[in-house]
Structure formats: structure tokens, C-alpha cells
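Q: The file below is input.cif, mmCIF, C-alpha atoms:
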```cif
data_run
#
loop_
_atom_site.label_atom_id
_atom_site.label_comp_id
_atom_site.auth_asym_id
_atom_site.auth_seq_id
_atom_site.Cartn_x
_atom_site.Cartn_y
_atom_site.Cartn_z
CA MET A 85 103.41 19.05 27.27
CA LYS A 86 106.40 20.00 25.12
CA LEU A 87 109.67 18.12 25.45
CA LEU A 88 112.99 19.82 24.82
CA ILE A 89 116.32 18.03 24.78
CA LEU A 90 119.39 20.23 25.13
CA ALA A 91 122.57 18.33 24.35
CA VAL A 92 126.27 19.10 24.27
CA GLY A 93 128.00 18.12 21.04
CA ARG A 94 127.26 18.53 17.37
CA GLY A 95 127.83 16.54 14.25
CA MET A 96 126.19 13.19 14.84
CA PRO A 97 127.24 10.38 12.51
CA ALA A 98 124.60 9.69 9.85
CA PRO A 99 123.25 6.44 11.42
CA VAL A 100 122.79 8.15 14.81
CA ARG A 101 121.19 11.20 13.15
CA GLU A 102 118.73 8.88 11.35
CA LEU A 103 117.77 7.14 14.61
CA VAL A 104 117.31 10.49 16.35
CA ARG A 105 115.10 11.72 13.53
CA ASP A 106 113.09 8.47 13.55
CA TYR A 107 112.36 8.61 17.29
CA GLN A 108 111.64 12.35 17.16
CA GLN A 109 109.01 11.67 14.50
CA ARG A 110 107.54 8.73 16.42
CA LEU A 111 107.38 10.70 19.67
CA GLY A 112 106.09 13.75 17.83
CA ARG A 113 102.84 11.89 17.16
CA PHE A 114 102.15 12.01 20.90
CA GLN A 115 103.68 15.33 21.93
CA PRO A 116 105.97 18.03 20.58
CA VAL A 117 109.68 17.28 20.97
CA GLU A 118 112.70 19.34 19.98
CA LEU A 119 116.42 18.60 20.11
CA ILE A 120 118.88 21.48 20.29
CA GLU A 121 122.61 20.89 20.32
CA VAL A 122 125.34 23.22 21.55
CA ALA A 123 129.00 23.03 20.67
CA GLU A 124 131.27 21.07 22.94
CA ALA A 125 133.80 23.30 24.72
CA LYS A 126 137.41 23.18 23.61
CA ARG A 127 139.45 21.16 26.05
CA ASP A 128 143.12 21.72 26.76
CA PRO A 129 144.73 18.25 26.78
CA ALA A 130 147.19 19.41 29.45
CA GLU A 131 144.38 20.47 31.78
CA LYS A 132 143.36 17.64 34.13
CA ASN A 133 140.28 19.34 35.56
CA PRO A 134 137.32 19.67 33.16
CA ALA A 135 135.65 22.41 35.25
CA ARG A 136 136.39 25.22 32.81
CA ALA A 137 135.04 23.28 29.83
CA LEU A 138 131.97 22.22 31.82
CA GLY A 139 131.39 25.86 32.79
CA ASP A 140 131.58 26.96 29.15
CA GLU A 141 129.09 24.27 28.13
CA ALA A 142 126.82 25.20 31.03
CA LEU A 143 126.72 28.82 29.81
CA ARG A 144 125.67 27.66 26.34
CA LEU A 145 122.96 25.40 27.75
CA ARG A 146 121.67 27.97 30.25
CA ARG A 147 121.06 30.48 27.46
CA LEU A 148 118.65 28.00 25.89
CA LEU A 149 116.80 26.89 29.02
CA PRO A 150 113.14 27.88 28.91
CA LYS A 151 112.26 29.96 31.95
CA ALA A 152 109.32 27.91 33.19
CA ALA A 153 110.48 24.46 32.11
CA THR A 154 110.96 21.55 34.48
CA ILE A 155 114.62 20.58 34.13
CA ILE A 156 115.72 16.93 34.15
CA PRO A 157 119.47 16.44 33.78
CA LEU A 158 120.83 13.07 32.70
CA ASP A 159 123.39 11.92 35.25
CA SER A 160 124.78 8.49 36.11
CA ARG A 161 124.09 9.23 39.80
CA GLY A 162 120.44 10.01 39.13
CA ASP A 163 117.31 7.90 39.44
CA THR A 164 117.46 4.64 37.51
CA LEU A 165 113.90 3.95 36.39
CA SER A 166 112.12 1.22 34.52
CA SER A 167 110.28 2.28 31.38
CA THR A 168 106.99 2.07 33.26
CA GLU A 169 108.35 4.21 36.10
CA LEU A 170 109.52 6.83 33.59
CA ALA A 171 106.04 6.80 32.04
CA GLN A 172 104.51 7.33 35.48
CA ARG A 173 106.82 10.27 36.19
CA MET A 174 105.97 11.82 32.83
CA GLN A 175 102.28 11.36 33.62
CA ARG A 176 102.70 13.08 37.00
CA LEU A 177 104.36 16.04 35.25
CA ARG A 178 101.45 16.21 32.82
CA GLU A 179 98.92 16.03 35.68
CA ALA A 180 100.78 18.87 37.41
CA SER A 181 100.09 20.97 34.28
CA ILE A 182 103.78 21.26 33.43
CA ARG A 183 103.93 22.84 29.98
CA GLU A 184 107.56 22.09 29.12
CA VAL A 185 110.12 19.55 30.25
CA CYS A 186 113.77 20.07 29.37
CA PHE A 187 116.21 17.16 29.46
CA LEU A 188 119.92 18.00 29.61
CA ILE A 189 122.56 15.73 28.08
CA GLY A 190 126.17 16.59 28.82
CA GLY A 191 129.26 16.01 26.76
CA PRO A 192 132.17 13.67 27.44
CA ASP A 193 132.68 15.05 30.96
CA GLY A 194 128.99 15.18 31.87
CA LEU A 195 127.21 18.30 33.08
CA ASP A 196 128.36 21.19 35.23
CA PRO A 197 127.29 20.69 38.90
CA GLU A 198 125.24 23.89 38.71
CA LEU A 199 123.10 22.42 35.93
CA LEU A 200 122.71 19.17 37.85
CA GLY A 201 121.32 21.20 40.74
CA LEU A 202 118.61 22.79 38.59
CA GLY A 203 116.64 19.59 38.23
CA SER A 204 113.90 18.44 40.54
CA TRP A 205 115.33 14.98 39.86
CA ARG A 206 118.05 13.45 37.70
CA LEU A 207 117.59 10.61 35.24
CA SER A 208 120.16 7.84 34.98
CA PHE A 209 120.48 5.14 32.36
CA GLY A 210 122.63 3.17 34.78
CA PRO A 211 126.24 3.23 35.90
CA MET A 212 127.66 2.32 32.49
CA THR A 213 129.23 5.00 30.30
CA PHE A 214 127.50 5.59 26.96
CA PRO A 215 128.62 7.78 24.07
CA HIS A 216 126.88 11.11 24.59
CA MET A 217 125.68 11.10 20.97
CA LEU A 218 123.89 7.78 21.55
CA MET A 219 122.22 9.16 24.69
CA ARG A 220 120.00 11.23 22.42
CA VAL A 221 118.70 8.03 20.81
CA LEU A 222 118.30 6.21 24.13
CA LEU A 223 116.43 9.12 25.71
CA LEU A 224 114.15 9.65 22.71
CA GLU A 225 113.38 5.94 22.51
CA GLN A 226 112.50 5.77 26.22
CA LEU A 227 110.34 8.90 25.98
CA PHE A 228 108.56 7.35 23.00
CA ARG A 229 108.14 4.11 24.96
CA ALA A 230 106.74 6.08 27.92
CA ALA A 231 104.24 7.82 25.62
CA THR A 232 103.09 4.48 24.18
CA ILE A 233 102.68 3.06 27.69
CA LEU A 234 100.53 6.03 28.69
CA GLN A 235 98.45 5.81 25.49
CA GLY A 236 98.05 2.04 25.64
CA VAL A 237 99.74 1.59 22.26
CA PRO A 238 101.22 -1.90 21.86
CA TYR A 239 104.90 -0.97 21.55
CA HIS A 240 106.08 -1.61 25.10
CA ARG A 241 106.52 -5.25 26.09
#
```
Produce C-alpha cells that represent the structure in this file.

A:
Amino acid sequence: MKLLILAVGRGMPAPVRELVRDYQQRLGRFQPVELIEVAEAKRDPAEKNPARALGDEALRLRRLLPKAATIIPLDSRGDTLSSTELAQRMQRLREASIREVCFLIGGPDGLDPELLGLGSWRLSFGPMTFPHMLMRVLLLEQLFRAATILQGVPYHR
């Protein structure tokens, strides 16, 4: 099963880029994983409602969505799972013969509601706010951890 991460925002700081690369390589030993970033929409500081910017970002992400992929948006109102529960969900997707899973990471204002509605479920890393650049690292690390749990590799404790 191939994993695709579509994320809003470009230009990660070097330490974050190194962590992303490290976890992509680690996870890549278990299954293919790709990260594609799209540019963050320009925001008018005078505009209070981020809907237009979210819509622009949604267009960019939608163009890259694989047609048959299972979509899992990251959203603070989604399912908060333990690492073992995430591993179990990934296993169920594999058992259902899902060929590609696409995780969506929004920018500073999150994801457009339309994109949130595409997912069969939403993944939350809790109610705290994290920098969207660091979410790439957190997601990749948890996907790597899930893969090690499923393979019985002694990484998860």
C-alpha cells in the first residue's frame, strides 16, 4: 500500500526537512511513501475569514489527489488514536486491499471543509495546535511506528 502525504506550505527549515527525510527513509523500508507540498495561499491581512485562502489551497490539493486513494485528512476534531490503534487502522486498510492512502495536512488555517468531507475518517493529534511544518514529522513518525508495530520490529514501546 502506497502512502501519499499532501501538505500545504513549502520551504521547511533545514532541521525539519532532515527529520522528514529521515522518517520517509525509515518508513520507505516498509512501504512506499511520498510527500508533496503545495504553496500556501496568499492571505489578505485585512480579511478576517480564511475561506478564500482555504478554497485556493483546496484547489491545489484536489489536483493532486489520486482518484482511487483513501483520503485521511488531519483535523483537530478527528479521531485521536493511540499508536497501536493507528497501526490497526492501517492494517484494516491493507486487508481491504486499499492500494493508496492519502493524508492531507492543511496550512495555518487548517483544511477546507470540502476536503475534510472527503475522508472516511479524520486523524487528530489532539486538541493542541502544532506548526503545520512539524505535522509532517509527527505524521511520518507515527506511520513509521505503526509499520514497526505491524511488522513486530522493536521500535514501539

Q: Enumerate, as number ranges by chain, the residues matched when the PyMOL selection byres ((chain A and resi 198-215) around 7) is run on the file above.

A: A: 142, 155-164, 195-197, 216-219

Q: Considering only C-alpha atoms, can you say which of A:Leu170, A:Val92, A:Leu234, A:Ala153 comes closest to Leu138 in chain A?

A: A:Val92

Q: Between A:Arg229, A:Arg146, A:Lys132, A:Lys126, single out the one closest to Ala171 in chain A, counting only C-alpha atoms.

A: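 For Ala171 in chain A, the nearest of the given residues is A:Arg229.
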
Q: Which residues fall under the PyMOL selection byres ((chain A and resi 122) around 8) in this file, as a list of chain:residue names?

A: A:Leu90, A:Ala91, A:Val92, A:Gly93, A:Arg94, A:Ile120, A:Glu121, A:Ala123, A:Glu124, A:Glu141, A:Arg144, A:Leu145

Q: Could you tell me which of A:Gln175, A:Gln235, A:Thr154, A:Ser167 comes closest to Leu188 in chain A if we count all atoms listed in the file?

A: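 The answer is A:Thr154, which sits nearest to Leu188 in chain A.
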
Q: Expand the PyMOL selection byres ((chain A and resi 179-185) around 6) into the individual residues it matches in the shown file, reporting them as an mmCIF file with C-alpha atoms, keeping the file's coordinate frame.

A:
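Output (out_28.cif):
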```
data_model
loop_
_atom_site.group_PDB
_atom_site.id
_atom_site.type_symbol
_atom_site.label_atom_id
_atom_site.label_comp_id
_atom_site.auth_asym_id
_atom_site.auth_seq_id
_atom_site.Cartn_x
_atom_site.Cartn_y
_atom_site.Cartn_z
ATOM 1 C CA MET A 85 103.410 19.050 27.270
ATOM 2 C CA LYS A 86 106.400 20.000 25.120
ATOM 3 C CA LEU A 87 109.670 18.120 25.450
ATOM 4 C CA ALA A 153 110.480 24.460 32.110
ATOM 5 C CA THR A 154 110.960 21.550 34.480
ATOM 6 C CA ARG A 176 102.700 13.080 37.000
ATOM 7 C CA LEU A 177 104.360 16.040 35.250
ATOM 8 C CA ARG A 178 101.450 16.210 32.820
ATOM 9 C CA CYS A 186 113.770 20.070 29.370
#
```

Q: Name the residues in contact with Leu111 in chain A at a cut-off of 8 Å, using all atoms listed in the file, excluding same-chain residues fewer than 4 positions from it; report them as a PDB file with C-alpha atoms, in the frame of the given file.

A:
```
ATOM      1  CA  TYR A 107     112.360   8.610  17.290  1.00  0.00           C
ATOM      2  CA  GLN A 115     103.680  15.330  21.930  1.00  0.00           C
ATOM      3  CA  PRO A 116     105.970  18.030  20.580  1.00  0.00           C
ATOM      4  CA  VAL A 117     109.680  17.280  20.970  1.00  0.00           C
ATOM      5  CA  LEU A 224     114.150   9.650  22.710  1.00  0.00           C
ATOM      6  CA  LEU A 227     110.340   8.900  25.980  1.00  0.00           C
ATOM      7  CA  PHE A 228     108.560   7.350  23.000  1.00  0.00           C
ATOM      8  CA  ALA A 231     104.240   7.820  25.620  1.00  0.00           C
TER       9      ALA A 231
END
```

Q: Check the smallest atom-to-atom distance from each of A:Met174, A:Val104, A:Leu222, A:Asp193 to Arg136 in chain A using all atoms listed in the file, then report the winner.

A: A:Asp193

Q: Choose the residue, out of A:Glu102, A:Ala135, A:Gly236, A:Ile89, that has the smallest atom-to-atom separation from Leu148 in chain A; count all atoms listed in the file.

A: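 Checking each of A:Glu102, A:Ala135, A:Gly236, A:Ile89 against Leu148 in chain A, counting all atoms listed in the file, the winner is A:Ile89.
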
Q: Expressed in Å to a single decimal, how great is the separation between CA of Val100 in chain A and CA of Val221 in chain A?

A: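 Atom-to-atom, CA of Val100 in chain A and CA of Val221 in chain A are spaced 7.3 Å apart.
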
Q: Range 98-106 of chain A, all listed atoms, 6 Å padding on each side: what axis-aligned box centre and edge lengths in Å to one decimal come out, as AutoDock Vina command-line options?

A:
```
--center_x 118.8 --center_y 9.1 --center_z 13.1 --size_x 23.5 --size_y 17.3 --size_z 18.5
```

Q: For range 201-226 of chain A, supply N, CA and C atoms and report the output as a PDB file, in the frame of the given file.

A:
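part12.pdb written:
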```pdb
ATOM      1  N   GLY A 201     122.124  20.708  39.628  1.00  0.00           N
ATOM      2  CA  GLY A 201     121.320  21.200  40.740  1.00  0.00           C
ATOM      3  C   GLY A 201     120.017  21.849  40.334  1.00  0.00           C
ATOM      4  N   LEU A 202     119.838  22.138  39.053  1.00  0.00           N
ATOM      5  CA  LEU A 202     118.610  22.790  38.590  1.00  0.00           C
ATOM      6  C   LEU A 202     117.428  21.824  38.532  1.00  0.00           C
ATOM      7  N   GLY A 203     117.710  20.562  38.430  1.00  0.00           N
ATOM      8  CA  GLY A 203     116.640  19.590  38.230  1.00  0.00           C
ATOM      9  C   GLY A 203     115.927  19.224  39.512  1.00  0.00           C
ATOM     10  N   SER A 204     114.648  18.939  39.380  1.00  0.00           N
ATOM     11  CA  SER A 204     113.900  18.440  40.540  1.00  0.00           C
ATOM     12  C   SER A 204     114.281  16.984  40.803  1.00  0.00           C
ATOM     13  N   TRP A 205     114.757  16.326  39.762  1.00  0.00           N
ATOM     14  CA  TRP A 205     115.330  14.980  39.860  1.00  0.00           C
ATOM     15  C   TRP A 205     116.237  14.768  38.668  1.00  0.00           C
ATOM     16  N   ARG A 206     117.102  13.780  38.762  1.00  0.00           N
ATOM     17  CA  ARG A 206     118.050  13.450  37.700  1.00  0.00           C
ATOM     18  C   ARG A 206     117.703  12.065  37.172  1.00  0.00           C
ATOM     19  N   LEU A 207     117.874  11.891  35.879  1.00  0.00           N
ATOM     20  CA  LEU A 207     117.590  10.610  35.240  1.00  0.00           C
ATOM     21  C   LEU A 207     118.892   9.907  34.908  1.00  0.00           C
ATOM     22  N   SER A 208     118.983   8.640  35.285  1.00  0.00           N
ATOM     23  CA  SER A 208     120.160   7.840  34.980  1.00  0.00           C
ATOM     24  C   SER A 208     119.776   6.663  34.100  1.00  0.00           C
ATOM     25  N   PHE A 209     120.642   6.344  33.177  1.00  0.00           N
ATOM     26  CA  PHE A 209     120.480   5.140  32.360  1.00  0.00           C
ATOM     27  C   PHE A 209     121.395   4.048  32.881  1.00  0.00           C
ATOM     28  N   GLY A 210     121.796   4.172  34.139  1.00  0.00           N
ATOM     29  CA  GLY A 210     122.630   3.170  34.780  1.00  0.00           C
ATOM     30  C   GLY A 210     124.059   3.644  34.947  1.00  0.00           C
ATOM     31  N   PRO A 211     124.870   2.829  35.607  1.00  0.00           N
ATOM     32  CA  PRO A 211     126.240   3.230  35.900  1.00  0.00           C
ATOM     33  C   PRO A 211     127.205   3.090  34.720  1.00  0.00           C
ATOM     34  N   MET A 212     126.771   2.457  33.635  1.00  0.00           N
ATOM     35  CA  MET A 212     127.660   2.320  32.490  1.00  0.00           C
ATOM     36  C   MET A 212     127.850   3.661  31.792  1.00  0.00           C
ATOM     37  N   THR A 213     128.952   3.798  31.092  1.00  0.00           N
ATOM     38  CA  THR A 213     129.230   5.000  30.300  1.00  0.00           C
ATOM     39  C   THR A 213     128.781   4.749  28.869  1.00  0.00           C
ATOM     40  N   PHE A 214     127.980   5.668  28.341  1.00  0.00           N
ATOM     41  CA  PHE A 214     127.500   5.590  26.960  1.00  0.00           C
ATOM     42  C   PHE A 214     128.053   6.771  26.180  1.00  0.00           C
ATOM     43  N   PRO A 215     128.245   6.619  24.878  1.00  0.00           N
ATOM     44  CA  PRO A 215     128.620   7.780  24.070  1.00  0.00           C
ATOM     45  C   PRO A 215     127.517   8.840  24.155  1.00  0.00           C
ATOM     46  N   HIS A 216     127.909  10.087  24.390  1.00  0.00           N
ATOM     47  CA  HIS A 216     126.880  11.110  24.590  1.00  0.00           C
ATOM     48  C   HIS A 216     126.015  11.312  23.350  1.00  0.00           C
ATOM     49  N   MET A 217     126.509  11.009  22.171  1.00  0.00           N
ATOM     50  CA  MET A 217     125.680  11.100  20.970  1.00  0.00           C
ATOM     51  C   MET A 217     124.573  10.032  20.996  1.00  0.00           C
ATOM     52  N   LEU A 218     124.906   8.840  21.484  1.00  0.00           N
ATOM     53  CA  LEU A 218     123.890   7.780  21.550  1.00  0.00           C
ATOM     54  C   LEU A 218     122.849   8.042  22.637  1.00  0.00           C
ATOM     55  N   MET A 219     123.188   8.855  23.627  1.00  0.00           N
ATOM     56  CA  MET A 219     122.220   9.160  24.690  1.00  0.00           C
ATOM     57  C   MET A 219     120.985   9.849  24.119  1.00  0.00           C
ATOM     58  N   ARG A 220     121.166  10.595  23.048  1.00  0.00           N
ATOM     59  CA  ARG A 220     120.000  11.230  22.420  1.00  0.00           C
ATOM     60  C   ARG A 220     119.023  10.155  21.957  1.00  0.00           C
ATOM     61  N   VAL A 221     119.547   9.124  21.309  1.00  0.00           N
ATOM     62  CA  VAL A 221     118.700   8.030  20.810  1.00  0.00           C
ATOM     63  C   VAL A 221     118.052   7.295  21.976  1.00  0.00           C
ATOM     64  N   LEU A 222     118.844   6.949  22.987  1.00  0.00           N
ATOM     65  CA  LEU A 222     118.300   6.210  24.130  1.00  0.00           C
ATOM     66  C   LEU A 222     117.203   6.999  24.839  1.00  0.00           C
ATOM     67  N   LEU A 223     117.439   8.292  25.043  1.00  0.00           N
ATOM     68  CA  LEU A 223     116.430   9.120  25.710  1.00  0.00           C
ATOM     69  C   LEU A 223     115.171   9.234  24.863  1.00  0.00           C
ATOM     70  N   LEU A 224     115.324   9.527  23.584  1.00  0.00           N
ATOM     71  CA  LEU A 224     114.150   9.650  22.710  1.00  0.00           C
ATOM     72  C   LEU A 224     113.360   8.348  22.649  1.00  0.00           C
ATOM     73  N   GLU A 225     114.069   7.217  22.565  1.00  0.00           N
ATOM     74  CA  GLU A 225     113.380   5.940  22.510  1.00  0.00           C
ATOM     75  C   GLU A 225     112.600   5.696  23.800  1.00  0.00           C
ATOM     76  N   GLN A 226     113.191   5.997  24.943  1.00  0.00           N
ATOM     77  CA  GLN A 226     112.500   5.770  26.220  1.00  0.00           C
ATOM     78  C   GLN A 226     111.336   6.746  26.402  1.00  0.00           C
TER      79      GLN A 226
END
```
